[in-house]
Amino acid sequence: MRTLKHTILALLALVVLTIASPLAAARDVVTLKDGRRVEGDIIREIDGNIWMIVYIGEIKKQEFFAAGSIDRVVRDATPDEGDMDEAEKPARAPSGNIPKGEVITLEGMVGIEYSARHLESLIPQIEKDIGEGGILVLKINSGGGALLEIQPLSDVIEFKLKPKFETVGWIESAISAAAMNSITLERLYFMPQGNFGACTGWYGNLTAVKGRQFEEAKEMMRKIVARGGYDYKIMEAMQGNPEAEVPLSATIDPQTGEVTWYTSEDDGEILVNPGTEVLTFNAVQAEQLRFSQGTARTLDELAHKMGYEEVDWVGDWQRDLVFPVGPAERENRRWREFIDQNHQGLQIAVAKYRLYLSTAQSTQGRARAMMVGKARKFLRQIKRYFKESPNSFLFTLNLPPDQFKYWYEDQQQLLRDLMKP
Amino acid sequence: MVQTVKVLSGWLRAALVAVLLAAFPMAMTGPVLFAGPVWASFEPAEDEQALDQIILRNGKVIEGRILHESADEVEMEVIVGTLRASTTYPKADILKIIRAGNTPEADESAGPRSDTDNERADDADEGDDTPMLSASTDAPSVYLIKLEGKFGRDISPTPVRQAVEAARKAQPDFLIVYLNNDWSTLGGELPSDVQGNFDLFMVAEKIIPIFMNEIDLTFEKQPTLVFWVRNAMGGAAFLPFVADEIYMHPEGRIGGIGTLEQLFEGTGDEVVRQKQRSLRLGMAQGVAIAGGYDYRLITAMARKSYVACYDNRGNIYERMPENPGEIVLTDDGEGDNADTMQQLITGEGDDVLTITPEVGLKLGVSRGTAADLDELLDHLGILRNHVMLKGRSTEIVENWKKSVTRAERKIPRLWREYNEVQVGGTPREQRQALGRQISILQEIQGLYRKYGEAFNPFSEGVPQMNQIDMMIEQLKIQIMLLNT
C-alpha cells in the first residue's frame, strides 16, 4: 500500500513538473561565447553545431547555434553530465575551424526590393557559400514599406534561415516594416549610426491605420516579437496607438543585467519613450537597454561582438563597401537593381497605358485602333513587370497582388470593347 | 661661368630628385612635393646659420636674405639649395621676421589679425604658388574645402562629393572643411523655416555618407577630418558631427533644426506625425553617435519639449538645474520659458539648443575657437610646420553654384518658350512645332537630372518631372494622329 502511494505521488510529481516547465523535463544548457545562456532541448548536433528547441514562456521555437559561437554545453539528460564538475567542462562544440560568414543586405522598400520571396531564393546559394551552420549577417538598411510583407519575411527568417545558419541582424537603419520583420532575429547588432523603430502603420496623407487593421497588426507583431525573444512592450511603443499614448520605461537589474519593461513613464527607472512619442532606438539606447547585442562599425568588430576571434567572410572586398560581396550577395544586388528598374518600369507602363487608353476612348476609326494597339503593348509590359515583382502592383495601382488577374482581364475586355464597331 | 655651372648643377640635381621621387608614389604626399621642402632636404643651403627667415601667416617659413624692407613689404632673395630668386612679400602676410643671428622678432607692423588676413588664409586652397620652402619633408599636409552658400542648393551632394574626391587625390593629413551656410533669406529677413528645418536632414543624409563612409573607404591615407564651423544652421547643422574634430569660428553657430514637434503639424494623425519625427530624430542621433558625439545634443537641438542642463565638466542631465554650477541647456519652451523671435533668430534662446563657441567648448563638441585659418592650424598644432595642398575643391563648389544658377534661370525660360510654340498650319508645320515642344521638354528634363538636387525648378508653373514624361508622350501621340 505504501509502495503504491509512493508510486502515485511520484507520478503526480512528474506530471506536475512536466506541466510546470518544459525545461524541467530536459534542460540542456548552452552557454555562448557572447555570454548568453540558453536552455532547452538539443535536438540535433552536427560537427559541434547545435539545433535546439528553446522555450520562451509558452512559446516553443527552434534555434541554431554554430559550433564557433558555443562556449560550453551541459546536458541534464545525460547521466554522467548531471554532475556539476562535469558541467563545467568545456563543450565539444567548438570545432576549432574558422567559421564562414556572409553578409546579405536587405535594402530598399519592404515588399519591393526587400522581399521574402527573394530572400528565400538566395538560401541555396548562401548554403553553397558558407555551408549549413555558417554565419549569416542580414545587414538592414530600409525605411520600411508594405505591411503585408512583414509576416512572410519573418517566416523566412524564422523557419528557413535560423534553422540553417547562425543568423544575426546588423542594423544600419530599420524603420517601420524593416524593424517589424527583423525583430524576428534574437541577435541584433547596431552600426553606430543605427536606428530601429517608428513602426506606426499609415497610408495616404499621414493617416494612421486604425480599428481592426491596427489590432491585426498588433497581434501579428506580438507573435513575431516572441520569435525574437523580445518583450512586446518595446514594439508596442514603436507602433504607437492612434487612440492612446504608449509610454515605455525600463529598469536594468544591476546584478543580472536583466531589463524589465513597463508600459508607463514612471514605473521603470529609465524613461525610454514618453507617451506622446513613438519609439525609435539609436545604437546607444539599444545597447544600454540590451535590445541590441552590441554596436559594431566594421565586420571585424561585429565578429568580435559575436564571440568570434576570426570569421572567414566569403566574397570580394570592394572599395566602397564595409563588407565583402559573396556570390549570394552579388546575386542579391543584381536582383535588387533589376527589381528597382522593374518597379519604375511598371509605374511608367501604367501611366502610359492609361494615357493611350484615354486617347483611344476619345478617338475613332484608324486612330483608335492605333491607340488600342499601343495600350495593349503597355498592358503586356505591365503583366511582365507584375510577374517579376507582384508587390509593385500594390504601390502602383493600390491594389493587392491577388487582384491583378481580375484587373488585367477587365482591361483586356475594355480594349476589346473599344475595338467593337 | 663657374657660377652658371653651379646653378645648373643644382637644377639638375633638384630635377633628378624630383624624378626619382615620382618613381616611388608611396613617398608622394601631394602636388607640392616637388617644391622646396624636398629639395631643401637633399641640397642644404650654403650657410643655414646666415639666412634670414620670414614666417608667413599661413605657417610657411621662407629662408633667404632680406634685400629690402619698406613699410608695406619685404623683398627677399629666397634660397633653396643652390637656387636663388628674389621675391617680395606684403607685410600683411608676414607673422614674424627672424634676421640671421638675431632672436625672433614679432612683426608688429603686421598688426592684429583681421578679416583680410582670414580671407587670405581661406584662399590658401586657391593655390599659393610660393613654395613651402622650410616645411620639413614629413610636414603634415592640409587640404581645405570651403562649403558656403545655401544648404541643399550650393552645398549639395554632387559638389561635395566632387570636392572630397579632389581632396582624395591630394592625400592630405588634415582635411579641413570650412562650413558657412547662408541661413538668411533674401534681404536678411527671418528665415521662413526657422521652425521647420529638421526636414533638411533629408538633404544632409545624402551628404553625410560622403564624409562618414566614403573617406574611410576610398582614401588611401586616412586624413583627420576637421570641421571649422562659421555657420551650420538648418540641415547643415548635422554635418559637423561627422568630423573627427570640430572647431568653431568666434561667431560660429550649430543649430536651427528646431522645433521637430512642429514638423507635419496640421497634416494627418498625430501618431503618424510622431512616427515621422521619431524616425528622423533617430537617424540624426545616429550621425552624432557615429561621429563620437552625445546624441542628446541632437535631441536638444531638435525638440522644444526636451529639458536638459549641463555642468562645468560638460555632463548633460535630462532635467532642469538642481545643483550649483549647473546651467540650463534647453528648457521646455513653455509660457515664460518661450524664446522670443529675436532669440530664435540669433540662436541665443534655450527652447532648442544652438551650439555657440562657448557652449560648444563646455560640452566638448568644439575643440577650440579659431577666427582664421592660422588660428585653426595653431589649434591643430601644425601652424609652423605644414604643407598647404593646392586643390580644385573651391573651384568645384563655385562652378556648381554658377551652373545651378544658370539652370535655375534657364528652366522657366524654356517653359515660356514651350508655351510660346504655335502649333498650327500644315501637318508638316504642326509636326515641326510638336517636335520643337518635345525637344524643349527634353532639355528641361536634362537640366533637372543634372542639377535637380539643388533647386526646385517647378516653382514657376513648370510641371513635375513625371508630368513632363507624360506630356512628351502626349505630344508623340499628337504626331502619330497627324500621320493617320
# chains A, B, ... in the order shown; residues from 1 in each chain; ligands from 1
call {"tool": "closest_atom_pairs", "arguments": {"of": "chain B", "to": "chain A", "cutoff": "10 Å", "atoms": "only C-alpha atoms", "output": "tab-separated table"}}
result
residue	atom	partner	partner_atom	distance
B:Met212	CA	A:Gln193	CA	10.0
B:Asn213	CA	A:Asp320	CA	8.0
B:Glu214	CA	A:Asp320	CA	6.6
B:Ile215	CA	A:Asp320	CA	9.4
B:Asp216	CA	A:Asp320	CA	8.8
B:Leu217	CA	A:Asp320	CA	5.5
B:Thr218	CA	A:Arg319	CA	6.1
B:Phe219	CA	A:Arg319	CA	9.5
B:Glu261	CA	A:Glu277	CA	9.9
B:Phe264	CA	A:Leu206	CA	8.9
B:Thr267	CA	A:Leu206	CA	6.7
B:Gly268	CA	A:Leu206	CA	4.4
B:Asp269	CA	A:Thr207	CA	5.4
B:Glu270	CA	A:Pro242	CA	7.4
B:Val271	CA	A:Pro242	CA	5.5
B:Val272	CA	A:Leu206	CA	5.8
B:Arg273	CA	A:Leu206	CA	7.0
B:Gln274	CA	A:Val278	CA	5.6
B:Lys275	CA	A:Ala198	CA	5.0
B:Gln276	CA	A:Ala198	CA	7.4
B:Arg277	CA	A:Val278	CA	8.4
B:Ser278	CA	A:Thr280	CA	5.9
B:Leu279	CA	A:Ala198	CA	5.7
B:Arg280	CA	A:Thr280	CA	9.1
B:Leu281	CA	A:Thr280	CA	8.2
B:Gly282	CA	A:Asn195	CA	5.6
B:Met283	CA	A:Asn195	CA	6.1
B:Ala284	CA	A:Gln193	CA	8.3
B:Gln285	CA	A:Asn282	CA	6.8
B:Gly286	CA	A:Gln193	CA	3.6
B:Val287	CA	A:Gln193	CA	5.4
B:Ala288	CA	A:Gln193	CA	7.7
B:Ile289	CA	A:Pro192	CA	5.9
B:Ala290	CA	A:Pro192	CA	4.7
B:Gly291	CA	A:Pro192	CA	8.5
B:Gly292	CA	A:Pro192	CA	8.9
B:Asp294	CA	A:Val284	CA	9.5
B:Tyr295	CA	A:Val284	CA	8.5
B:Asn466	CA	A:Ile348	CA	8.7
B:Gln467	CA	A:Ala351	CA	9.9
B:Asp469	CA	A:Ile348	CA	8.8
B:Met470	CA	A:Lys352	CA	7.2
B:Met471	CA	A:Leu355	CA	10.0
B:Glu473	CA	A:Lys352	CA	7.6
B:Gln474	CA	A:Leu355	CA	7.7
B:Ile477	CA	A:Tyr356	CA	8.2
B:Gln478	CA	A:Thr359	CA	9.9
B:Met480	CA	A:Ala367	CA	8.4
B:Leu481	CA	A:Ala367	CA	6.3
B:Leu482	CA	A:Ala367	CA	9.4
B:Asn483	CA	A:Ala367	CA	9.3
B:Thr484	CA	A:Ala367	CA	6.4
call {"tool": "closest_residue", "arguments": {"among": "B:Gly325, B:Gly234, B:Gly446, B:Gly381", "to": "Lys150 (chain B)", "atoms": "only C-alpha atoms"}}
result
B:Gly234
call {"tool": "residues_around", "arguments": {"residues": "Thr184 (chain A)", "least_positions_apart": "6", "cutoff": "10 Å", "atoms": "only C-alpha atoms", "output": "ChimeraX atom specification"}}
result
/A:151,153-158,162,168-169,221,223-230
call {"tool": "write_last_selection", "arguments": {"atoms": "N, CA, C and O atoms", "output": "PDB file, in the first residue's frame"}}
result
ATOM      1  N   GLN A 151       4.976  39.561 -42.368  1.00  0.00           N
ATOM      2  CA  GLN A 151       4.819  38.166 -41.938  1.00  0.00           C
ATOM      3  C   GLN A 151       5.620  37.205 -42.818  1.00  0.00           C
ATOM      4  O   GLN A 151       6.358  36.361 -42.284  1.00  0.00           O
ATOM      5  N   LEU A 153       8.313  37.760 -44.484  1.00  0.00           N
ATOM      6  CA  LEU A 153       9.738  37.929 -44.198  1.00  0.00           C
ATOM      7  C   LEU A 153      10.102  37.281 -42.872  1.00  0.00           C
ATOM      8  O   LEU A 153      11.128  36.597 -42.747  1.00  0.00           O
ATOM      9  N   SER A 154       9.250  37.510 -41.885  1.00  0.00           N
ATOM     10  CA  SER A 154       9.513  36.908 -40.576  1.00  0.00           C
ATOM     11  C   SER A 154       9.532  35.382 -40.680  1.00  0.00           C
ATOM     12  O   SER A 154      10.370  34.717 -40.072  1.00  0.00           O
ATOM     13  N   ASP A 155       8.628  34.847 -41.482  1.00  0.00           N
ATOM     14  CA  ASP A 155       8.568  33.395 -41.652  1.00  0.00           C
ATOM     15  C   ASP A 155       9.834  32.848 -42.311  1.00  0.00           C
ATOM     16  O   ASP A 155      10.357  31.808 -41.912  1.00  0.00           O
ATOM     17  N   VAL A 156      10.313  33.544 -43.312  1.00  0.00           N
ATOM     18  CA  VAL A 156      11.546  33.087 -43.977  1.00  0.00           C
ATOM     19  C   VAL A 156      12.705  33.112 -42.971  1.00  0.00           C
ATOM     20  O   VAL A 156      13.497  32.165 -42.884  1.00  0.00           O
ATOM     21  N   ILE A 157      12.782  34.189 -42.212  1.00  0.00           N
ATOM     22  CA  ILE A 157      13.871  34.287 -41.231  1.00  0.00           C
ATOM     23  C   ILE A 157      13.745  33.173 -40.178  1.00  0.00           C
ATOM     24  O   ILE A 157      14.706  32.479 -39.862  1.00  0.00           O
ATOM     25  N   GLU A 158      12.536  33.008 -39.675  1.00  0.00           N
ATOM     26  CA  GLU A 158      12.321  32.070 -38.566  1.00  0.00           C
ATOM     27  C   GLU A 158      12.456  30.611 -38.996  1.00  0.00           C
ATOM     28  O   GLU A 158      13.097  29.818 -38.305  1.00  0.00           O
ATOM     29  N   LYS A 162      17.032  30.773 -39.800  1.00  0.00           N
ATOM     30  CA  LYS A 162      17.538  30.475 -38.452  1.00  0.00           C
ATOM     31  C   LYS A 162      17.864  28.987 -38.239  1.00  0.00           C
ATOM     32  O   LYS A 162      18.872  28.672 -37.609  1.00  0.00           O
ATOM     33  N   VAL A 168      22.170  36.644 -37.758  1.00  0.00           N
ATOM     34  CA  VAL A 168      22.089  37.850 -36.921  1.00  0.00           C
ATOM     35  C   VAL A 168      21.727  39.051 -37.798  1.00  0.00           C
ATOM     36  O   VAL A 168      21.914  39.025 -39.013  1.00  0.00           O
ATOM     37  N   GLY A 169      21.229  40.084 -37.168  1.00  0.00           N
ATOM     38  CA  GLY A 169      20.925  41.325 -37.879  1.00  0.00           C
ATOM     39  C   GLY A 169      21.981  42.371 -37.570  1.00  0.00           C
ATOM     40  O   GLY A 169      22.474  42.446 -36.439  1.00  0.00           O
ATOM     41  N   MET A 221       2.416  41.335 -34.608  1.00  0.00           N
ATOM     42  CA  MET A 221       3.699  41.707 -34.022  1.00  0.00           C
ATOM     43  C   MET A 221       3.954  41.039 -32.682  1.00  0.00           C
ATOM     44  O   MET A 221       5.106  40.766 -32.341  1.00  0.00           O
ATOM     45  N   LYS A 223       3.336  38.030 -32.008  1.00  0.00           N
ATOM     46  CA  LYS A 223       3.897  36.713 -32.333  1.00  0.00           C
ATOM     47  C   LYS A 223       5.320  36.835 -32.903  1.00  0.00           C
ATOM     48  O   LYS A 223       6.193  36.049 -32.564  1.00  0.00           O
ATOM     49  N   ILE A 224       5.507  37.829 -33.757  1.00  0.00           N
ATOM     50  CA  ILE A 224       6.833  37.984 -34.371  1.00  0.00           C
ATOM     51  C   ILE A 224       7.870  38.384 -33.325  1.00  0.00           C
ATOM     52  O   ILE A 224       8.992  37.878 -33.307  1.00  0.00           O
ATOM     53  N   VAL A 225       7.471  39.277 -32.436  1.00  0.00           N
ATOM     54  CA  VAL A 225       8.373  39.735 -31.375  1.00  0.00           C
ATOM     55  C   VAL A 225       8.770  38.551 -30.484  1.00  0.00           C
ATOM     56  O   VAL A 225       9.925  38.425 -30.062  1.00  0.00           O
ATOM     57  N   ALA A 226       7.817  37.656 -30.228  1.00  0.00           N
ATOM     58  CA  ALA A 226       8.109  36.476 -29.401  1.00  0.00           C
ATOM     59  C   ALA A 226       9.129  35.574 -30.087  1.00  0.00           C
ATOM     60  O   ALA A 226       9.966  34.956 -29.434  1.00  0.00           O
ATOM     61  N   ARG A 227       9.083  35.504 -31.409  1.00  0.00           N
ATOM     62  CA  ARG A 227      10.075  34.707 -32.137  1.00  0.00           C
ATOM     63  C   ARG A 227      11.492  35.188 -31.834  1.00  0.00           C
ATOM     64  O   ARG A 227      12.426  34.415 -31.738  1.00  0.00           O
ATOM     65  N   GLY A 228      11.617  36.488 -31.725  1.00  0.00           N
ATOM     66  CA  GLY A 228      12.940  37.053 -31.449  1.00  0.00           C
ATOM     67  C   GLY A 228      13.279  37.084 -29.973  1.00  0.00           C
ATOM     68  O   GLY A 228      14.404  37.413 -29.599  1.00  0.00           O
ATOM     69  N   GLY A 229      12.285  36.796 -29.143  1.00  0.00           N
ATOM     70  CA  GLY A 229      12.526  36.768 -27.699  1.00  0.00           C
ATOM     71  C   GLY A 229      12.510  38.137 -27.045  1.00  0.00           C
ATOM     72  O   GLY A 229      13.092  38.334 -25.982  1.00  0.00           O
ATOM     73  N   TYR A 230      11.844  39.085 -27.668  1.00  0.00           N
ATOM     74  CA  TYR A 230      11.777  40.438 -27.096  1.00  0.00           C
ATOM     75  C   TYR A 230      10.452  40.630 -26.357  1.00  0.00           C
ATOM     76  O   TYR A 230       9.494  39.878 -26.559  1.00  0.00           O
TER      77      TYR A 230
END
call {"tool": "residues_around", "arguments": {"residues": "Glu329 (chain A)", "least_positions_apart": "5", "cutoff": "12 Å", "atoms": "only C-alpha atoms", "output": "ChimeraX atom specification"}}
result
/A:101-107,118-119,121-123,125-126,129-130,136-139,313-317,323-324,334-336
call {"tool": "select_by_dssp", "arguments": {"residues": "region 129-265 of chain B", "states": "strand (DSSP E)", "output": "PyMOL selection string"}}
result
chain B and resi 141-149+174-181+224-233+245-248+254-255
call {"tool": "residues_around", "arguments": {"residues": "Val352 (chain B)", "least_positions_apart": "6", "cutoff": "8 Å", "atoms": "only C-alpha atoms", "output": "ChimeraX atom specification"}}
result
/B:258-259,300-304,306,330-331,333
call {"tool": "write_last_selection", "arguments": {"atoms": "all heavy atoms", "output": "short mmCIF file (atom, residue, chain, number, x, y, z; two decimals), in the first residue's frame"}}
result
data_model
loop_
_atom_site.label_atom_id
_atom_site.label_comp_id
_atom_site.auth_asym_id
_atom_site.auth_seq_id
_atom_site.Cartn_x
_atom_site.Cartn_y
_atom_site.Cartn_z
N GLY B 258 15.28 73.13 -34.83
CA GLY B 258 14.05 73.00 -34.06
C GLY B 258 12.92 73.71 -34.79
O GLY B 258 13.19 74.52 -35.68
N THR B 259 11.70 73.50 -34.46
CA THR B 259 11.38 72.51 -33.47
C THR B 259 10.67 71.35 -34.18
O THR B 259 9.74 71.53 -34.95
CB THR B 259 10.45 73.06 -32.39
OG1 THR B 259 9.27 73.53 -33.01
CG2 THR B 259 11.09 74.19 -31.64
N ALA B 300 18.36 67.88 -28.06
CA ALA B 300 18.24 69.24 -27.52
C ALA B 300 18.12 70.27 -28.63
O ALA B 300 17.41 71.28 -28.49
CB ALA B 300 19.44 69.55 -26.63
N MET B 301 18.78 70.02 -29.74
CA MET B 301 18.70 70.95 -30.87
C MET B 301 17.35 70.85 -31.58
O MET B 301 16.92 71.81 -32.22
CB MET B 301 19.83 70.66 -31.87
CG MET B 301 21.20 71.09 -31.39
SD MET B 301 22.54 70.25 -32.27
CE MET B 301 22.47 71.06 -33.83
N ALA B 302 16.72 69.68 -31.46
CA ALA B 302 15.53 69.44 -32.28
C ALA B 302 14.21 69.59 -31.53
O ALA B 302 13.24 70.13 -32.06
CB ALA B 302 15.61 68.03 -32.87
N ARG B 303 14.18 69.11 -30.30
CA ARG B 303 12.89 69.03 -29.60
C ARG B 303 12.73 70.17 -28.60
O ARG B 303 13.52 70.29 -27.66
CB ARG B 303 12.77 67.70 -28.86
CG ARG B 303 12.32 66.55 -29.73
CD ARG B 303 11.76 65.43 -28.87
NE ARG B 303 11.42 64.26 -29.65
CZ ARG B 303 10.26 64.08 -30.29
NH1 ARG B 303 9.34 65.01 -30.25
NH2 ARG B 303 10.03 62.99 -30.97
N LYS B 304 11.69 70.91 -28.77
CA LYS B 304 11.40 72.02 -27.86
C LYS B 304 11.03 71.48 -26.47
O LYS B 304 11.35 72.09 -25.45
CB LYS B 304 10.23 72.82 -28.43
CG LYS B 304 9.94 74.11 -27.72
CD LYS B 304 8.83 74.83 -28.47
CE LYS B 304 8.27 75.98 -27.67
NZ LYS B 304 7.12 76.59 -28.35
N TYR B 306 12.23 69.06 -24.93
CA TYR B 306 13.34 68.39 -24.26
C TYR B 306 14.00 69.33 -23.26
O TYR B 306 14.42 70.44 -23.62
CB TYR B 306 14.35 67.93 -25.31
CG TYR B 306 15.48 67.07 -24.79
CD1 TYR B 306 15.25 65.77 -24.37
CD2 TYR B 306 16.78 67.56 -24.72
CE1 TYR B 306 16.29 64.97 -23.91
CE2 TYR B 306 17.83 66.78 -24.26
CZ TYR B 306 17.58 65.48 -23.87
OH TYR B 306 18.61 64.70 -23.41
N THR B 330 18.53 73.44 -22.37
CA THR B 330 17.25 73.75 -23.00
C THR B 330 16.14 73.60 -21.97
O THR B 330 16.12 72.64 -21.20
CB THR B 330 16.93 72.76 -24.17
OG1 THR B 330 17.08 71.42 -23.70
CG2 THR B 330 17.83 72.98 -25.35
N ASP B 331 15.21 74.56 -21.98
CA ASP B 331 14.05 74.43 -21.10
C ASP B 331 12.87 73.92 -21.92
O ASP B 331 13.03 73.55 -23.09
CB ASP B 331 13.74 75.76 -20.39
CG ASP B 331 13.44 76.89 -21.37
OD1 ASP B 331 12.97 76.58 -22.49
OD2 ASP B 331 13.68 78.06 -21.03
N GLY B 333 10.38 75.52 -23.06
CA GLY B 333 9.86 76.47 -24.04
C GLY B 333 8.43 76.89 -23.83
O GLY B 333 7.81 77.49 -24.71
#
call {"tool": "residues_around", "arguments": {"residues": "Ala454 (chain B)", "least_positions_apart": "6", "cutoff": "12 Å", "atoms": "only C-alpha atoms", "output": "PyMOL selection string"}}
result
chain B and resi 149-160+203+400-408+447-448
call {"tool": "atom_distance", "arguments": {"atom1": "CA of Lys450 (chain B)", "atom2": "CA of Trp183 (chain B)"}}
result
24.7 Å
call {"tool": "select_by_dssp", "arguments": {"residues": "region 262-334 of chain A", "states": "helix (DSSP H, G or I)", "output": "PyMOL selection string"}}
result
chain A and resi 283-288+299-305+327-334
call {"tool": "residues_around", "arguments": {"residues": "Ser392 (chain A)", "least_positions_apart": "5", "cutoff": "7 Å", "atoms": "only C-alpha atoms", "output": "ChimeraX atom specification"}}
result
/A:112,343,386
call {"tool": "atom_distance", "arguments": {"atom1": "CA of Pro223 (chain B)", "atom2": "CA of Asn181 (chain B)"}}
result
23.4 Å
